[in-house]
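For reference, the structure is listed below as structure tokens.
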Amino acid sequence: MQPTPFSLEGKVALITGGGGGIGRQTALSVAKAGAHVVLADISDNLESVAEEVRALGRNARAMRVDVSENPQIYEAVAAAQAEFGRIDILVNNAAMHLVERFSEGSPENWDKCLRINLLGQIVFCHAVMGGMIERRSGKIVNVASDAGRVGSLGQAVYGASKGGLIAFTRNLAVELARYHINVNCVSPGLVNTEMWNSTRRDNPKLAHAYENTVLWKRLGEPEEIAAAILFLVSQEAEYITGQTLSVNGGVFIA
Ligand SMILES: NC(=O)c1ccc[n+]([C@@H]2O[C@H](COP(=O)([O-])OP(=O)(O)OC[C@H]3O[C@@H](n4cnc5c(N)ncnc54)[C@H](O)[C@@H]3O)[C@@H](O)[C@H]2O)c1
């Protein structure tokens, strides 16, 4: 009998930023595919997402982790490995949005954005990769953003954090290839989550201008980003590494 496509039966997936939006949906998608889930986030919603995963018949653990605090990352990964035995899949998804003109920005905001969006993801990769190297297998997906691939108004530092993540992914994939660890990025465009909806509330004109560039003429849904992540962490994507997959409804830039 052929195995079910995208089956993650018995795998253990750690998802950062799993308290809402794309992270929550990814947790549900990998759980439906058979994975047990560890959620790491600062969100108060985390335990309710863990409950949703358990309702699908998988084990789930919610861990309060601030990804800008390195010791918390190493502690959480050690605790997850102790409880579940290993981490097969890391989805580095937690991030903050920073929309401001660079000329009006502050070093405090830049520091926070780079710590959460770039260093936090780098440290999570470092914390999980030892176990993956020992087992000579693993899948890492870093959630970047098209702001890291193209220029857009108000996103200079946020875009730098995501562009840095794309470069990090490409380079880490080279180092980890000998251990059969796939490292890829999913790069969303504009997605119907609290992150984009708060940008819409705070900067309606800017948000409208961005949305006008989407060929599909609508926002993406978290399910559509999670589907790309599910593919990249599955056995079906075994021969894909070091890549960045944009999921953006097509974008027109004049
Ligand atoms: N929504 C979009 O339009 C869009 C576009 C491009 C890329 N992205 C990326 O997709 C990913 C998910 O974003 P989303 O749209 O689901 O946003 P979201 O705001 O719904 O979710 C982000 C999650 O990250 C968590 N988080 C924030 N700071 C954290 C910290 N210091 N430590 C731990 N957790 C923290 C939040 O609590 C939240 O649960 C992010 O990497 C984001 O940059 C989103």
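Residue numbering restarts at 1 for every chain of the structure tokens, chains are lettered A, B, ... in their displayed order, and ligands are numbered from 1 as they appear.
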Distance filter 6 Å around ligand 1, atoms: only C-alpha atoms and all ligand atoms, out as a PyMOL selection string:
chain A and resi 17-23+41-43+65-68+93-96+116+143-145+188-196
I want to know what sits within 12 Å of A:Met132, based on only C-alpha atoms, with residues of the same chain fewer than 6 positions away left out; could you give that as JSON, numbers by chain?
{"A": [12, 81, 85, 86, 87, 88, 89, 90, 125, 126, 138, 139, 140, 176, 177, 178, 179, 180, 181, 182, 183]}
For stretch 29-33 of chain A, work out the shell of residues within 7 Å, counting only C-alpha atoms and skipping chain neighbours fewer than 2 positions away, then give it as a list in words.
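Residues near the query, excluding close chain neighbours: Phe6, Ser7, Leu8, Glu9, Gln25, Thr26, Ala27, Ala35, His36, Val37, Val53, Leu56, Arg58, Ala226 and Leu230 of chain A.
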I need the residues in stretch 1-249 of chain A that are alpha helix (DSSP H) according to DSSP; give them as JSON, numbers by chain.
{"A": [21, 22, 23, 24, 25, 26, 27, 28, 29, 30, 31, 32, 46, 47, 48, 49, 50, 51, 52, 53, 54, 55, 70, 71, 72, 73, 74, 75, 76, 77, 78, 79, 80, 81, 82, 83, 84, 107, 108, 109, 110, 111, 112, 113, 114, 120, 121, 122, 123, 124, 125, 126, 127, 128, 129, 130, 131, 132, 133, 134, 135, 156, 157, 158, 159, 160, 161, 162, 163, 164, 165, 166, 167, 168, 169, 170, 171, 172, 173, 174, 175, 176, 194, 195, 196, 197, 198, 199, 200, 201, 202, 204, 205, 206, 207, 208, 209, 210, 211, 222, 223, 224, 225, 226, 227, 228, 229, 230, 231, 232, 233]}
Serialized selection, C-alpha atoms, as a tab-separated table (two decimals), in the first residue's frame:
```tsv
chain	number	residue	atom	x	y	z
A	21	GLY	CA	-2.26	32.91	12.82
A	22	ILE	CA	0.05	30.86	10.62
A	23	GLY	CA	1.68	29.06	13.58
A	24	ARG	CA	-1.64	27.81	14.95
A	25	GLN	CA	-2.77	26.62	11.53
A	26	THR	CA	0.58	24.90	10.95
A	27	ALA	CA	0.19	23.09	14.28
A	28	LEU	CA	-3.24	21.82	13.21
A	29	SER	CA	-2.05	20.85	9.72
A	30	VAL	CA	0.96	18.84	10.93
A	31	ALA	CA	-1.19	17.24	13.65
A	32	LYS	CA	-3.76	16.18	11.05
A	46	LEU	CA	-1.12	28.79	23.46
A	47	GLU	CA	-2.83	26.26	25.72
A	48	SER	CA	-6.06	26.47	23.74
A	49	VAL	CA	-4.13	25.66	20.53
A	50	ALA	CA	-2.55	22.70	22.34
A	51	GLU	CA	-6.09	21.57	23.23
A	52	GLU	CA	-7.09	21.80	19.55
A	53	VAL	CA	-4.12	19.58	18.65
A	54	ARG	CA	-5.04	17.05	21.36
A	55	ALA	CA	-8.59	16.97	20.00
A	70	ASN	CA	18.35	32.58	24.30
A	71	PRO	CA	18.34	30.63	27.60
A	72	GLN	CA	14.57	30.12	27.31
A	73	ILE	CA	15.07	28.58	23.85
A	74	TYR	CA	17.69	26.05	25.01
A	75	GLU	CA	15.59	25.18	28.08
A	76	ALA	CA	12.45	24.65	25.99
A	77	VAL	CA	14.21	22.45	23.45
A	78	ALA	CA	15.78	20.35	26.21
A	79	ALA	CA	12.39	19.96	27.92
A	80	ALA	CA	10.69	19.01	24.63
A	81	GLN	CA	13.38	16.45	23.84
A	82	ALA	CA	13.10	14.99	27.35
A	83	GLU	CA	9.33	14.66	27.04
A	84	PHE	CA	8.98	13.55	23.39
A	107	PRO	CA	17.49	51.55	17.65
A	108	GLU	CA	15.36	49.94	20.39
A	109	ASN	CA	12.78	48.82	17.83
A	110	TRP	CA	15.46	47.61	15.40
A	111	ASP	CA	17.14	45.63	18.15
A	112	LYS	CA	13.88	44.00	19.24
A	113	CYS	CA	12.86	43.15	15.68
A	114	LEU	CA	16.20	41.57	14.79
A	120	GLY	CA	15.53	33.89	17.76
A	121	GLN	CA	15.23	31.69	14.67
A	122	ILE	CA	18.99	31.22	14.42
A	123	VAL	CA	19.21	30.14	18.07
A	124	PHE	CA	16.26	27.75	17.70
A	125	CYS	CA	18.05	26.08	14.76
A	126	HIS	CA	21.18	25.75	16.88
A	127	ALA	CA	19.25	24.30	19.81
A	128	VAL	CA	17.49	21.57	17.78
A	129	MET	CA	20.14	20.62	15.25
A	130	GLY	CA	22.30	18.51	17.61
A	131	GLY	CA	19.59	15.86	17.91
A	132	MET	CA	18.89	16.01	14.17
A	133	ILE	CA	22.58	15.54	13.40
A	134	GLU	CA	22.73	12.49	15.70
A	135	ARG	CA	19.75	10.93	13.92
A	156	ALA	CA	13.44	48.37	6.03
A	157	VAL	CA	14.36	46.65	9.30
A	158	TYR	CA	11.59	44.03	9.26
A	159	GLY	CA	12.66	43.27	5.67
A	160	ALA	CA	16.29	43.04	6.81
A	161	SER	CA	15.33	40.53	9.50
A	162	LYS	CA	13.54	38.37	6.92
A	163	GLY	CA	16.19	38.82	4.20
A	164	GLY	CA	18.78	37.79	6.79
A	165	LEU	CA	16.71	34.72	7.57
A	166	ILE	CA	16.57	33.74	3.90
A	167	ALA	CA	20.37	34.04	3.62
A	168	PHE	CA	20.84	32.12	6.89
A	169	THR	CA	18.59	29.33	5.60
A	170	ARG	CA	20.52	29.01	2.33
A	171	ASN	CA	23.84	28.81	4.18
A	172	LEU	CA	22.67	26.48	6.96
A	173	ALA	CA	21.28	24.12	4.31
A	174	VAL	CA	24.80	23.75	2.91
A	175	GLU	CA	26.26	22.89	6.33
A	176	LEU	CA	23.51	20.43	7.27
A	194	GLU	CA	-3.56	39.49	13.42
A	195	MET	CA	-0.15	40.61	12.13
A	196	TRP	CA	-1.53	41.94	8.86
A	197	ASN	CA	-4.89	43.03	10.28
A	198	SER	CA	-3.15	45.25	12.84
A	199	THR	CA	-1.11	46.79	10.01
A	200	ARG	CA	-4.39	47.45	8.20
A	201	ARG	CA	-5.78	49.22	11.27
A	202	ASP	CA	-2.63	51.30	11.92
A	204	PRO	CA	-4.80	51.67	6.16
A	205	LYS	CA	-3.48	53.57	3.13
A	206	LEU	CA	-0.19	51.69	3.10
A	207	ALA	CA	-1.94	48.34	3.59
A	208	HIS	CA	-4.33	49.12	0.72
A	209	ALA	CA	-1.38	49.97	-1.56
A	210	TYR	CA	0.30	46.66	-0.76
A	211	GLU	CA	-2.92	44.69	-1.25
A	222	PRO	CA	-3.14	30.83	7.15
A	223	GLU	CA	-4.18	27.42	5.74
A	224	GLU	CA	-2.49	28.29	2.45
A	225	ILE	CA	0.83	29.07	4.14
A	226	ALA	CA	0.54	25.99	6.38
A	227	ALA	CA	0.03	23.83	3.27
A	228	ALA	CA	3.41	24.94	1.88
A	229	ILE	CA	5.07	24.32	5.25
A	230	LEU	CA	3.48	20.86	5.45
A	231	PHE	CA	4.86	20.00	2.03
A	232	LEU	CA	8.39	21.17	2.92
A	233	VAL	CA	8.51	19.15	6.17
```
Residues of stretch 84-233 of chain A in strand (DSSP E or B), written as a list in words
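Answer for stretch 84-233 of chain A restricted to strand (DSSP E or B) is Ile89, Leu90, Val91, Asn92, Gly138, Lys139, Ile140, Val141, Asn142, Val143, Ile181, Asn182, Val183, Asn184, Cys185, Val186, Ser187, Pro188, Val191, Val214 and Gly220 of chain A.
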Output C-alpha atoms of each residue in that selection to a file, as a short mmCIF file (atom, residue, chain, number, x, y, z; two decimals), in the first residue's frame.
```cif
data_model
loop_
_atom_site.label_atom_id
_atom_site.label_comp_id
_atom_site.auth_asym_id
_atom_site.auth_seq_id
_atom_site.Cartn_x
_atom_site.Cartn_y
_atom_site.Cartn_z
CA ILE A 89 10.63 19.07 12.59
CA LEU A 90 11.26 22.70 13.51
CA VAL A 91 8.99 25.43 12.14
CA ASN A 92 10.53 28.77 13.07
CA GLY A 138 15.43 16.51 10.24
CA LYS A 139 13.34 19.18 8.59
CA ILE A 140 13.59 22.88 9.33
CA VAL A 141 11.29 25.50 7.84
CA ASN A 142 11.95 29.14 8.61
CA VAL A 143 9.02 31.46 7.99
CA ILE A 181 18.66 17.80 7.27
CA ASN A 182 16.52 19.92 4.94
CA VAL A 183 16.47 23.66 5.67
CA ASN A 184 14.04 25.81 3.71
CA CYS A 185 12.04 29.03 3.95
CA VAL A 186 8.41 29.70 3.32
CA SER A 187 7.95 33.34 2.43
CA PRO A 188 4.37 34.57 2.85
CA VAL A 191 -1.90 36.88 5.09
CA VAL A 214 -1.55 41.02 -5.21
CA GLY A 220 -3.72 34.65 1.72
#
```
What is the distance between atom CA of A:Leu215 and atom CA of A:Asn248, in Å to one decimal?
8.8 Å
Between A:Val251, A:Leu119, A:Val99, A:Ala60, single out the one closest to A:Asp146, counting only C-alpha atoms.
A:Val251
